[in-house]
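**Q** Below is the structure I would like to discuss, written out as structure tokens.
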Amino acid sequence: MMRKGVCKVAKIRMRLTTMAVVISAVTGGIAGCNNSNNSDGNNDGGEAVTNPLEEQARSLLSKMTADEKLHMIIGPGFGNPAVNDKAPVAGTVGFINGVLNNESGLDIAATKLMDGPAGIRITPTRAGDSNTYYATNFPSGTVLASTWNTELVQDVGIAAGKEGKEYGVDIWLAPAMNIQRNPLSGRNFEYFSEDPLISGMMGAAIVNGAQSQGIGTTIKHFVANNSETNRRTSNTVITPRALREIYLRGFQYTIEKSQPWAVMSSYNSVNGTNVGERSDLMTTIARDEWGFDGLMMSDWWAGWDPVAMLKAGVDVIEPGGQWRFGHSDDWFPFIEAAYQNGELTDEVLDTNVVRILKQALKTPSAKGEAFNSTPDLAANAAVALQAAEEGIVMLKNETALPLATTNTIAAFGTAQYGTLPVGGGSGSVNAAHIISINEGLKASGYTLNAALDTIYQNAYNSRTLEGSSSTNPEKYCDGGTSAGETNLGGLFAVCRELTLTDDQIVQAAASSDVAVITIARNTAEGADNPERVTTTTNPRSAGYYLNPVEKDLIERVSTRFHAENKKVVVVLNIGNVMDTVEWRDSVDGILVAYLPGQEAGAAVANIISGAVNPSGKLAQTFPMDLTKVSSYSADGGSFPGIYEDNYYNEGPSDVPGLNYDEQVVANNDHRDFNQYYSDDIYVGYRYNTTFNIDVAYPFGYGLSYTTFDFSNSTVTSNTLNSEGAKGSVTITTTVQNTGSRAGKQVAQVYITAPEVKLAKPTIELKSFAKTELLEAGGKQDVSMTIPAETLASFDPSSNQWIIEPGRYTVFVSASSNVYGVTPVKFQVNQEIVVSKTTPGTVAVQDEYADALNSRLLSR
């Protein structure tokens with residue numbers, strides 16, 4: 001961990017073939033970089049250094065009027081034009097205002113901000129232009145993490161960066177990096193994993209890729225925004241250790257390994273204070289401890305007091321204007337008044353503006369770079385396809401797959417037409433075409449059962465009936481324009497499931513070789529997902545468990561096809577983890593496609609046919625049921641939260657000068673909505689392995705059409721005892737393809753650490769590496785280096801990251817199920833203090849302490 005005054009990580013632009021390369025390269029960068037980017041302008045020896053961007057920013061600052069500065073620290077308002085937007089782009093979700101002043105000669109271009117995590121969210125149509133401008137819908141974050149391939153994910157970042165720059169984007173509002181704490185969280189599809197190491201490495205890969213093309217990125221939502229219920233008013237009550245080890249850790253890795261241009265603050269509060277108003281998060285931790293050198297922006301309409309946010313370290317308030325479509329006074333006059341009365345000082349204002357300018361000056365708009373809006377969509381589609389293929393996880397295969405293209409498939413489920421590429425909200429993308437699973441199977445050469453094809457196509461297209469609407473129970477799909485297409489609003493078809501007759505299933509079984517059932521789950525920001533949907537007629541694709549129609553479909557199809565000695569495969573086109581336990585024994589194969597982007601159908605078909613050998617691994621645990629999830633609580637106090645009286649969480653009443661209307665105050669001020677992180681550091685597989693909780697499919701799990709073996713796992717280097725905080729441990733292993741097909745495998749390193757002062761999870765992921773494509777019988781030696789920083793745990797009593805003395809047990813495994821894996825060990829002779837943190841940061845308020853402690857898991 002870096003402290004203020006220590007050199008910041010240089011941007012890394014390289015091909016990354018293993019996690020060892022990622023970590024080693026970054027560690028080396030820290031050790032050998034100079035201090036030309038230090039925000040304080042001094043190196044470790046106290047000598048002044050030159051930072052051209054800093055000098056240029058301060059020179060511009062000296063010429064700016066107070067009004068120009070004030071307009072730069074707050075956006076122009078949602079949907080409003082920016083000051084000095086030199087080349088408008090349809091679909092821009094927000095701006096950082098520029099400056100245009102003929103008297104002073106200042107001409108600073110506005111900075112254009114663009115959604116979202118699955119691709120560049122431009123608007124396809126433009127006034128006075130007959131052309132249509134589509135973007136690439138890349139796979140969602142969960143799919144990318146499931147590749148366990150940082151090199152490939154960096155390629156996605158490169159492709160998105162090129163596309164964004166070609167479309168005139170300055171800063172891309174991606175990637176999203178929160179922890180997938182609960183399967184019902186509505187925004188999980190945007191996020192990578194339940195594990196901070198995976199999240200941090202994938203985030204760094206995307207950031208390095210996109211920023212290598214000359215546009216900025218924004219990692220979000222900082223921090224502990226792990227549910228969508230009451231997301232603007234929810235208060236996360238959490239221990240400092242859990243916050244640092246789990247929820248901040250991924251952000252830390254990405255900042256230290258890639259230096260994103262921006263970080264976006266989240267909506268929620270942490271321990272009673274809105275995140276954006278916490279200087280310990282915005283400044284002390286992110287900047288002083290980690291060395292973040294970019295700008296901080298608020299999420300859209302986040303926070304209650306814009307002045308408090310600016311003083312805490314948020315540099316620009318987005319989107320400006322009124323709080324959430326007119327539920328308050330305009331925020332600019334409020335900020336202006338605070339400056340005039342001295343509440344917002346010149347020192348704070350100038351600090352914010354310099355940070356903004358240092359990033360804005362790097363943008364294509366500031367450099368006057370022309371764009372033609374002609375990206376290579378075909379090349380980007382190829383990247384999207386490979387990412388989708390490597391991110392699909394095969395959970396079950398009882399000789400059902402691969403399936404020769406000469407077979408006739410009985411394709412069940414409306415989602416085979418209404419295939420979901422991504423979740424809803426700011427993560428959606430306006431792609432030219434979404435390849436549905438139905439379309440992908442046909443394009444791969446499969447013959448689909450004609451009778452079923454007609455039934456489902458008619459159901460899918462029934463939404464076009466005159467007078468139909470999203471509330472019509474006879475309308476099976478909402479949104480979309482034609483089968484598998486997006487519409488101009490960036491929406492896609494969300495389908496209900498229809499009930500087939502027994503005769504239709506019997507005929508399909510008699511005339512087809514295999515059944516493929518597609519189950520979809522839509523998800524979107526703004527709301528968490530339900531546990532169950534009990535509707536028995538045309539139920540929506542929602543809920544952790546199968547709805548009655550889906551469950552009945554799987555049971556009847558499986559019974560009939562098995563009676564014919566034919567196989568049944570289920571494809572899960574889902575945004576979140578969902579139940580498999582209730583029905584998995586009825587089917588022969590399960591593929592988890594998640595939300596795989598625009599090439600969805602092609603990727604699924606390539607896996608089913610064996611053209612591509614599945615190599616995806618779960619980046620999240622599939623539990624036995626929701627009660628076996630670490631964040632489960634009977635009263636909902638752990639997730640999604642609980643209303644309580646007699647607690648204090650900052651809200652609109654704390655800003656009397658800013659007139660929030662009665663709707664905001666009534667809904668959000670009378671009671672607190674608290675979410676107690678009772679699972680503490682035991683999230684996901686950390687919980688399951690520590691408390692011996694059975695799971696359906698473990699973290700890191702995924703099948704292949706071939707088999708692999710790990711051998712010769714060894715600790716080849718341990719410099720911790722000689723080099724302390726600068727030391728590391730290197731693990732090597734040999735991966736061999738012991739089967740008959742070429743394939744890729746992921747070596748995962750889990751470590752059991754000694755418990756001296758600190759309780760720890762039974763195992764934790766500390767490194768991973770994906771092999772190259774290994775031919776049958778082929779081998780690859782893999783080396784993975786774990787720096788001291790990654791090995792350390794946070795000791796809240798001393799405010800230090802420490803490595804405790806004792807014997808460490810290392811498992812090189814194909815998943816977090818390390819049972820039967822022969823471990824290797826290494827020794828740490830004495831406690832190593834890896835880094836020190838600032839005392840008192842993110843402390844639990846006294847009024848919450850007892851309630852949190854009474855809920856915390858204990859061993």
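Residue numbers start at 1 in each chain; chains themselves are named A, B, ... in the order of the structure tokens; ligands are numbered from 1 in the order shown.
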When DSSP is applied to the backbone of this structure, which of segment 306-536 of chain A are assigned strand (DSSP E)? Write them out as a ChimeraX atom specification.
**A** /A:393-397,408-412,447-448,477-478,494-495,514-521
**Q** Just the selected residues (N, CA, C and O atoms), exported as a compact mmCIF listing (two decimals), in the first residue's frame, please.
**A**
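Output saved as again-v6.txt:
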```txt
# COMPACT_ATOMS: atom_id res chain seq x y z
N VAL A 393 -19.82 -20.65 -18.14
CA VAL A 393 -19.40 -21.67 -17.18
C VAL A 393 -20.29 -22.90 -17.34
O VAL A 393 -21.52 -22.79 -17.32
N MET A 394 -19.68 -24.05 -17.50
CA MET A 394 -20.43 -25.30 -17.55
C MET A 394 -20.50 -25.90 -16.16
O MET A 394 -19.48 -26.28 -15.58
N LEU A 395 -21.70 -25.96 -15.60
CA LEU A 395 -21.88 -26.47 -14.24
C LEU A 395 -22.10 -27.98 -14.21
O LEU A 395 -21.72 -28.64 -13.23
N LYS A 396 -22.73 -28.52 -15.23
CA LYS A 396 -23.05 -29.95 -15.23
C LYS A 396 -22.98 -30.48 -16.64
O LYS A 396 -23.39 -29.81 -17.59
N ASN A 397 -22.46 -31.70 -16.79
CA ASN A 397 -22.43 -32.33 -18.11
C ASN A 397 -22.35 -33.84 -17.95
O ASN A 397 -21.28 -34.39 -17.70
N THR A 408 -30.90 -32.62 -34.16
CA THR A 408 -32.06 -31.74 -34.13
C THR A 408 -32.34 -31.34 -32.69
O THR A 408 -32.42 -32.21 -31.81
N ILE A 409 -32.47 -30.04 -32.45
CA ILE A 409 -32.66 -29.53 -31.10
C ILE A 409 -34.11 -29.08 -30.91
O ILE A 409 -34.65 -28.34 -31.74
N ALA A 410 -34.70 -29.52 -29.82
CA ALA A 410 -35.98 -28.96 -29.38
C ALA A 410 -35.65 -27.82 -28.43
O ALA A 410 -35.25 -28.04 -27.29
N ALA A 411 -35.79 -26.60 -28.93
CA ALA A 411 -35.41 -25.42 -28.16
C ALA A 411 -36.62 -24.87 -27.42
O ALA A 411 -37.60 -24.44 -28.04
N PHE A 412 -36.55 -24.90 -26.10
CA PHE A 412 -37.64 -24.46 -25.24
C PHE A 412 -37.28 -23.13 -24.57
O PHE A 412 -36.10 -22.86 -24.30
N THR A 447 -30.49 -27.91 -36.67
CA THR A 447 -31.88 -27.86 -37.08
C THR A 447 -32.74 -27.81 -35.83
O THR A 447 -32.61 -28.67 -34.95
N LEU A 448 -33.58 -26.80 -35.72
CA LEU A 448 -34.45 -26.67 -34.56
C LEU A 448 -35.82 -27.24 -34.87
O LEU A 448 -36.32 -27.15 -36.00
N CYS A 477 -43.45 -10.68 -24.11
CA CYS A 477 -42.18 -9.97 -24.07
C CYS A 477 -42.42 -8.47 -24.15
O CYS A 477 -43.28 -8.00 -24.89
N ASP A 478 -41.64 -7.73 -23.40
CA ASP A 478 -41.72 -6.27 -23.40
C ASP A 478 -40.44 -5.72 -24.02
O ASP A 478 -39.35 -6.19 -23.73
N VAL A 494 -37.83 -8.35 -22.60
CA VAL A 494 -37.87 -9.09 -21.35
C VAL A 494 -39.10 -9.98 -21.41
O VAL A 494 -40.22 -9.49 -21.49
N CYS A 495 -38.89 -11.28 -21.39
CA CYS A 495 -39.97 -12.21 -21.71
C CYS A 495 -40.55 -12.91 -20.50
O CYS A 495 -39.86 -13.18 -19.52
N VAL A 514 -32.37 -33.81 -28.84
CA VAL A 514 -31.98 -33.28 -27.54
C VAL A 514 -32.84 -32.06 -27.24
O VAL A 514 -33.33 -31.39 -28.17
N ALA A 515 -33.04 -31.76 -25.97
CA ALA A 515 -33.76 -30.55 -25.57
C ALA A 515 -32.78 -29.53 -25.01
O ALA A 515 -31.89 -29.88 -24.21
N VAL A 516 -32.93 -28.28 -25.41
CA VAL A 516 -32.18 -27.16 -24.83
C VAL A 516 -33.20 -26.16 -24.30
O VAL A 516 -33.99 -25.61 -25.08
N ILE A 517 -33.20 -25.95 -23.01
CA ILE A 517 -34.14 -25.05 -22.36
C ILE A 517 -33.40 -23.80 -21.91
O ILE A 517 -32.43 -23.89 -21.15
N THR A 518 -33.84 -22.64 -22.36
CA THR A 518 -33.22 -21.38 -21.97
C THR A 518 -34.07 -20.71 -20.90
O THR A 518 -35.26 -20.48 -21.09
N ILE A 519 -33.44 -20.40 -19.77
CA ILE A 519 -34.08 -19.69 -18.67
C ILE A 519 -33.39 -18.34 -18.52
O ILE A 519 -32.16 -18.27 -18.45
N ALA A 520 -34.17 -17.28 -18.49
CA ALA A 520 -33.59 -15.94 -18.40
C ALA A 520 -34.00 -15.26 -17.10
O ALA A 520 -35.03 -15.57 -16.50
N ARG A 521 -33.16 -14.36 -16.67
CA ARG A 521 -33.44 -13.53 -15.51
C ARG A 521 -32.99 -12.11 -15.80
O ARG A 521 -31.80 -11.83 -15.93
```
**Q** Report as a compact mmCIF listing (two decimals) with N, CA and C atoms, in the first residue's frame all protein, DNA and RNA residues lying within 8 Å of segment 367-379 of chain A, evaluated on only C-alpha atoms, omitting residues in the same chain fewer than 2 positions from it.
**A**
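In the end it all went to result.txt:
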```txt
# COMPACT_ATOMS: atom_id res chain seq x y z
N TYR A 133 -25.72 5.08 -35.48
CA TYR A 133 -24.43 4.86 -34.86
C TYR A 133 -24.58 3.89 -33.68
N ALA A 135 -23.15 0.85 -30.98
CA ALA A 135 -21.97 0.53 -30.19
C ALA A 135 -21.93 -0.96 -29.91
N THR A 136 -20.79 -1.42 -29.46
CA THR A 136 -20.62 -2.84 -29.14
C THR A 136 -21.10 -3.12 -27.73
N LYS A 162 -11.05 2.22 -27.75
CA LYS A 162 -10.99 2.66 -29.15
C LYS A 162 -12.36 3.16 -29.62
N GLU A 163 -13.39 2.38 -29.28
CA GLU A 163 -14.73 2.74 -29.72
C GLU A 163 -15.19 4.04 -29.08
N LYS A 165 -13.32 6.49 -27.97
CA LYS A 165 -12.59 7.63 -28.54
C LYS A 165 -13.12 7.96 -29.94
N GLU A 166 -13.44 6.93 -30.71
CA GLU A 166 -13.95 7.16 -32.05
C GLU A 166 -15.32 7.85 -32.02
N TYR A 167 -16.04 7.65 -30.93
CA TYR A 167 -17.35 8.28 -30.79
C TYR A 167 -17.28 9.60 -30.00
N GLY A 168 -16.11 10.07 -29.70
CA GLY A 168 -15.97 11.37 -29.07
C GLY A 168 -16.09 11.38 -27.56
N LEU A 361 -7.39 17.84 -19.00
CA LEU A 361 -6.39 18.22 -19.99
C LEU A 361 -5.90 17.02 -20.82
N LYS A 362 -6.12 15.82 -20.31
CA LYS A 362 -5.69 14.62 -21.03
C LYS A 362 -6.72 14.12 -22.02
N THR A 363 -7.93 14.67 -21.99
CA THR A 363 -9.02 14.12 -22.78
C THR A 363 -8.88 14.46 -24.26
N PRO A 364 -9.50 13.65 -25.12
CA PRO A 364 -9.51 13.98 -26.55
C PRO A 364 -10.11 15.36 -26.83
N SER A 365 -11.15 15.74 -26.08
CA SER A 365 -11.77 17.05 -26.31
C SER A 365 -10.78 18.17 -26.03
N ALA A 381 -16.69 -6.77 -32.15
CA ALA A 381 -17.60 -7.90 -31.96
C ALA A 381 -16.82 -9.20 -31.75
N ALA A 382 -15.70 -9.34 -32.44
CA ALA A 382 -14.87 -10.53 -32.27
C ALA A 382 -14.31 -10.61 -30.85
N VAL A 383 -13.91 -9.48 -30.30
CA VAL A 383 -13.44 -9.45 -28.91
C VAL A 383 -14.58 -9.80 -27.96
```
**Q** Could you tell me how far atom CA of Ala602 of chain A lies from atom CA of Gln748 of chain A, in Å and to one decimal?
**A**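 Pair atom CA of Ala602 of chain A / atom CA of Gln748 of chain A returns 28.6 Å.
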**Q** A:Ser717, A:Thr733, A:Thr273, A:Ser234: which is nearest Gly637 of chain A, counting only C-alpha atoms?
**A**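 Ranked by minimum distance to Gly637 of chain A, first place goes to A:Ser234.
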**Q** With only C-alpha atoms as the atoms that count, which of A:Ile681, A:Ala337, A:Met624, A:Val223 lies nearest to Pro306 of chain A?
**A** A:Ala337
**Q** Could you work out how far atom CA of Ala384 of chain A lies from atom CA of Ala262 of chain A, giving the answer in Å with one decimal?
**A**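 One can read the atom CA of Ala262 of chain A to atom CA of Ala384 of chain A distance as 24.7 Å.
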**Q** So which residues touch segment 433-446 of chain A within 6 Å, counting only C-alpha atoms, skipping near sequence neighbours fewer than 5 positions away, as a ChimeraX atom specification?
**A** /A:405,416-417,419,484-485,598-602,605
**Q** Give me every alpha helix (DSSP H) residue in segment 371-549 of chain A, going by DSSP on the backbone, as a PyMOL selection string.
**A** chain A and resi 377-391+437-443+450-461+502-511+548-549
**Q** With distances taken over only C-alpha atoms, which of A:Ala849, A:Ala159, A:Leu243, A:Val577 is nearest to Ser212 of chain A?
**A**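 Smallest separation from Ser212 of chain A among the options: A:Ala159.
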**Q** So how far away is atom CA of Ala145 of chain A from atom CA of Val93 of chain A, in Å?
**A**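 Computing the Euclidean distance for atom CA of Val93 of chain A and atom CA of Ala145 of chain A yields 26.1 Å.
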**Q** Please produce, as a Markdown table, a per-residue contact table for segment 271-361 of chain A versus segment 215-222 of chain A (criterion: any atom at most 9 Å away, only C-alpha atoms considered), showing the nearest atom pair and its distance in Å to one decimal, sorted by chain then residue number.
**A**
```
| residue | atom | partner | partner_atom | distance |
| --- | --- | --- | --- | --- |
| A:Val275 | CA | A:Phe222 | CA | 7.7 |
| A:Gly276 | CA | A:Phe222 | CA | 8.7 |
| A:Leu281 | CA | A:Phe222 | CA | 8.6 |
| A:Met282 | CA | A:Phe222 | CA | 8.8 |
| A:Met296 | CA | A:Thr218 | CA | 8.9 |
| A:Met297 | CA | A:Thr218 | CA | 8.8 |
| A:Asp299 | CA | A:His221 | CA | 7.6 |
| A:Gln359 | CA | A:Gly216 | CA | 8.1 |
```
**Q** Write a file of the just-selected residues containing N, CA and C atoms, as a short mmCIF file (atom, residue, chain, number, x, y, z; two decimals), in the first residue's frame.
**A**
```
data_model
loop_
_atom_site.label_atom_id
_atom_site.label_comp_id
_atom_site.auth_asym_id
_atom_site.auth_seq_id
_atom_site.Cartn_x
_atom_site.Cartn_y
_atom_site.Cartn_z
N VAL A 275 -21.37 8.55 1.85
CA VAL A 275 -20.01 8.23 1.38
C VAL A 275 -19.32 9.46 0.83
N GLY A 276 -20.02 10.21 -0.02
CA GLY A 276 -19.39 11.37 -0.65
C GLY A 276 -19.06 12.49 0.31
N LEU A 281 -12.89 8.57 3.40
CA LEU A 281 -12.96 7.73 2.21
C LEU A 281 -12.48 8.47 0.97
N MET A 282 -12.99 9.67 0.76
CA MET A 282 -12.71 10.41 -0.47
C MET A 282 -11.25 10.88 -0.56
N MET A 296 -12.40 12.83 -8.27
CA MET A 296 -13.55 12.17 -7.67
C MET A 296 -14.81 12.86 -8.18
N MET A 297 -15.76 12.06 -8.67
CA MET A 297 -17.06 12.61 -9.06
C MET A 297 -18.15 11.89 -8.27
N ASP A 299 -21.82 10.03 -7.91
CA ASP A 299 -22.82 9.38 -8.75
C ASP A 299 -23.94 10.39 -9.00
N GLN A 359 -7.04 15.95 -15.13
CA GLN A 359 -7.60 14.86 -15.93
C GLN A 359 -8.22 15.40 -17.22
#
```
**Q** Env of segment 421-426 of chain A: 7 Å cut, atoms = only C-alpha atoms, seq-sep filter 2 positions within chain, self excluded. Answer as a ChimeraX atom specification.
**A** /A:115-116,140,189,419,428,434,522-525,575,595-598,600
**Q** Keeping C-alpha atoms, export the residues of the selection given above as a PDB file, in the first residue's frame.
**A**
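Okay, this is what ended up in out-v8.pdb:
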```pdb
ATOM      1  CA  ASP A 115     -22.165   5.203 -19.636  1.00  0.00           C
ATOM      2  CA  GLY A 116     -21.668   2.269 -19.117  1.00  0.00           C
ATOM      3  CA  SER A 140     -21.358  -7.888 -18.493  1.00  0.00           C
ATOM      4  CA  PHE A 189     -24.512  -8.168 -13.318  1.00  0.00           C
ATOM      5  CA  THR A 419     -31.986 -13.444 -25.082  1.00  0.00           C
ATOM      6  CA  SER A 428     -27.383  -1.139 -21.229  1.00  0.00           C
ATOM      7  CA  ILE A 434     -28.254  -9.081 -30.382  1.00  0.00           C
ATOM      8  CA  ASN A 522     -33.624  -9.826 -16.081  1.00  0.00           C
ATOM      9  CA  THR A 523     -32.019  -7.494 -13.582  1.00  0.00           C
ATOM     10  CA  ALA A 524     -31.499  -3.758 -13.427  1.00  0.00           C
ATOM     11  CA  GLU A 525     -30.242  -0.958 -11.250  1.00  0.00           C
ATOM     12  CA  GLY A 575     -27.730 -11.469 -14.369  1.00  0.00           C
ATOM     13  CA  LEU A 595     -25.513 -11.778 -19.640  1.00  0.00           C
ATOM     14  CA  PRO A 596     -22.979 -12.358 -22.421  1.00  0.00           C
ATOM     15  CA  GLY A 597     -23.434  -9.283 -24.606  1.00  0.00           C
ATOM     16  CA  GLN A 598     -24.412  -8.942 -28.233  1.00  0.00           C
ATOM     17  CA  ALA A 600     -24.746 -14.210 -26.833  1.00  0.00           C
TER      18      ALA A 600
END
```
**Q** Using only C-alpha atoms, which residues sit within 12 Å of Ala82 of chain A once same-chain residues fewer than 4 positions away are excluded, as a list in words?
**A**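 Here the qualifying residues turn out to be His71, Met72, Ile74, Gly75, Pro76, Gly77, Phe78, Lys86, Ala87, Pro88, Val89, Thr92, Val93, Gly94, Phe95, Ile96, Asn97, Gly98, Val99, Leu100, Ile108, Ala109, Ala110, Thr111, Lys112, Leu113, Pro319, Gly320 and Gly321 of chain A.
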**Q** Can I get the selection written as a short mmCIF file (atom, residue, chain, number, x, y, z; two decimals), in the first residue's frame, with C-alpha atoms?
**A**
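Listed below is the output, again_21.cif:
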```cif
data_model
loop_
_atom_site.label_atom_id
_atom_site.label_comp_id
_atom_site.auth_asym_id
_atom_site.auth_seq_id
_atom_site.Cartn_x
_atom_site.Cartn_y
_atom_site.Cartn_z
CA HIS A 71 -19.27 25.94 -12.72
CA MET A 72 -16.44 23.45 -13.20
CA ILE A 74 -20.76 20.99 -10.69
CA GLY A 75 -22.33 19.63 -13.84
CA PRO A 76 -24.76 21.70 -15.94
CA GLY A 77 -27.80 19.60 -14.98
CA PHE A 78 -29.21 16.41 -16.45
CA LYS A 86 -16.91 21.68 -28.67
CA ALA A 87 -18.21 18.49 -30.30
CA PRO A 88 -21.52 17.23 -28.86
CA VAL A 89 -22.21 13.50 -28.81
CA THR A 92 -23.75 11.92 -23.23
CA VAL A 93 -24.99 11.27 -19.70
CA GLY A 94 -23.19 14.20 -18.13
CA PHE A 95 -20.42 16.75 -18.40
CA ILE A 96 -17.68 18.53 -16.59
CA ASN A 97 -18.11 22.12 -17.67
CA GLY A 98 -15.32 23.80 -19.56
CA VAL A 99 -14.40 27.47 -19.86
CA LEU A 100 -14.61 29.86 -22.78
CA ILE A 108 -11.01 24.72 -21.92
CA ALA A 109 -13.22 22.14 -23.58
CA ALA A 110 -16.04 20.48 -21.65
CA THR A 111 -15.41 16.87 -20.66
CA LYS A 112 -17.99 14.38 -21.95
CA LEU A 113 -18.99 11.52 -19.66
CA PRO A 319 -25.11 15.88 -12.95
CA GLY A 320 -25.79 19.27 -11.38
CA GLY A 321 -29.13 21.03 -11.52
#
```
**Q** Counting only C-alpha atoms, which residue out of A:Ser146, A:Ser783, A:Ser511, A:Gln620 sits closest to Val695 of chain A?
**A**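 Closest to Val695 of chain A, using only C-alpha atoms: A:Gln620.
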**Q** May I ask which of the residues A:Pro623, A:Pro117, A:Gly778, A:Gly391 is the closest one to Ile693 of chain A, counting only C-alpha atoms?
**A**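 Of all the options, A:Pro623 lies closest to Ile693 of chain A.
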**Q** Using only C-alpha atoms, determine which residues lie at most 7 Å from Met309 of chain A, disregarding the query and same-chain residues fewer than 4 positions distant; provide the list as a ChimeraX atom specification.
**A** /A:276-277,305,313-314
**Q** Keeping C-alpha atoms, export the residues of the selection given above as a compact mmCIF listing (two decimals), in the first residue's frame.
**A**
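Written out: out.txt:
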```
# COMPACT_ATOMS: atom_id res chain seq x y z
CA GLY A 276 -19.39 11.37 -0.65
CA GLU A 277 -19.34 13.46 2.52
CA ASP A 305 -25.02 18.26 0.91
CA GLY A 313 -12.82 15.42 -1.58
CA VAL A 314 -15.50 14.92 -4.25
```
**Q** Residues at most 10 Å from Asn208 of chain A, counting only C-alpha atoms, excluding those fewer than 2 positions away in the same chain, as a ChimeraX atom specification?
**A** /A:11-14,153-155,157-158,161,202-206,210-213,216-217,254,257-260
**Q** Which of these residues is nearest to Thr716 of chain A, using only C-alpha atoms: A:Ile786, A:Ser631, A:Ile608, A:Arg560?
**A**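 Smallest separation from Thr716 of chain A among the options: A:Ile786.
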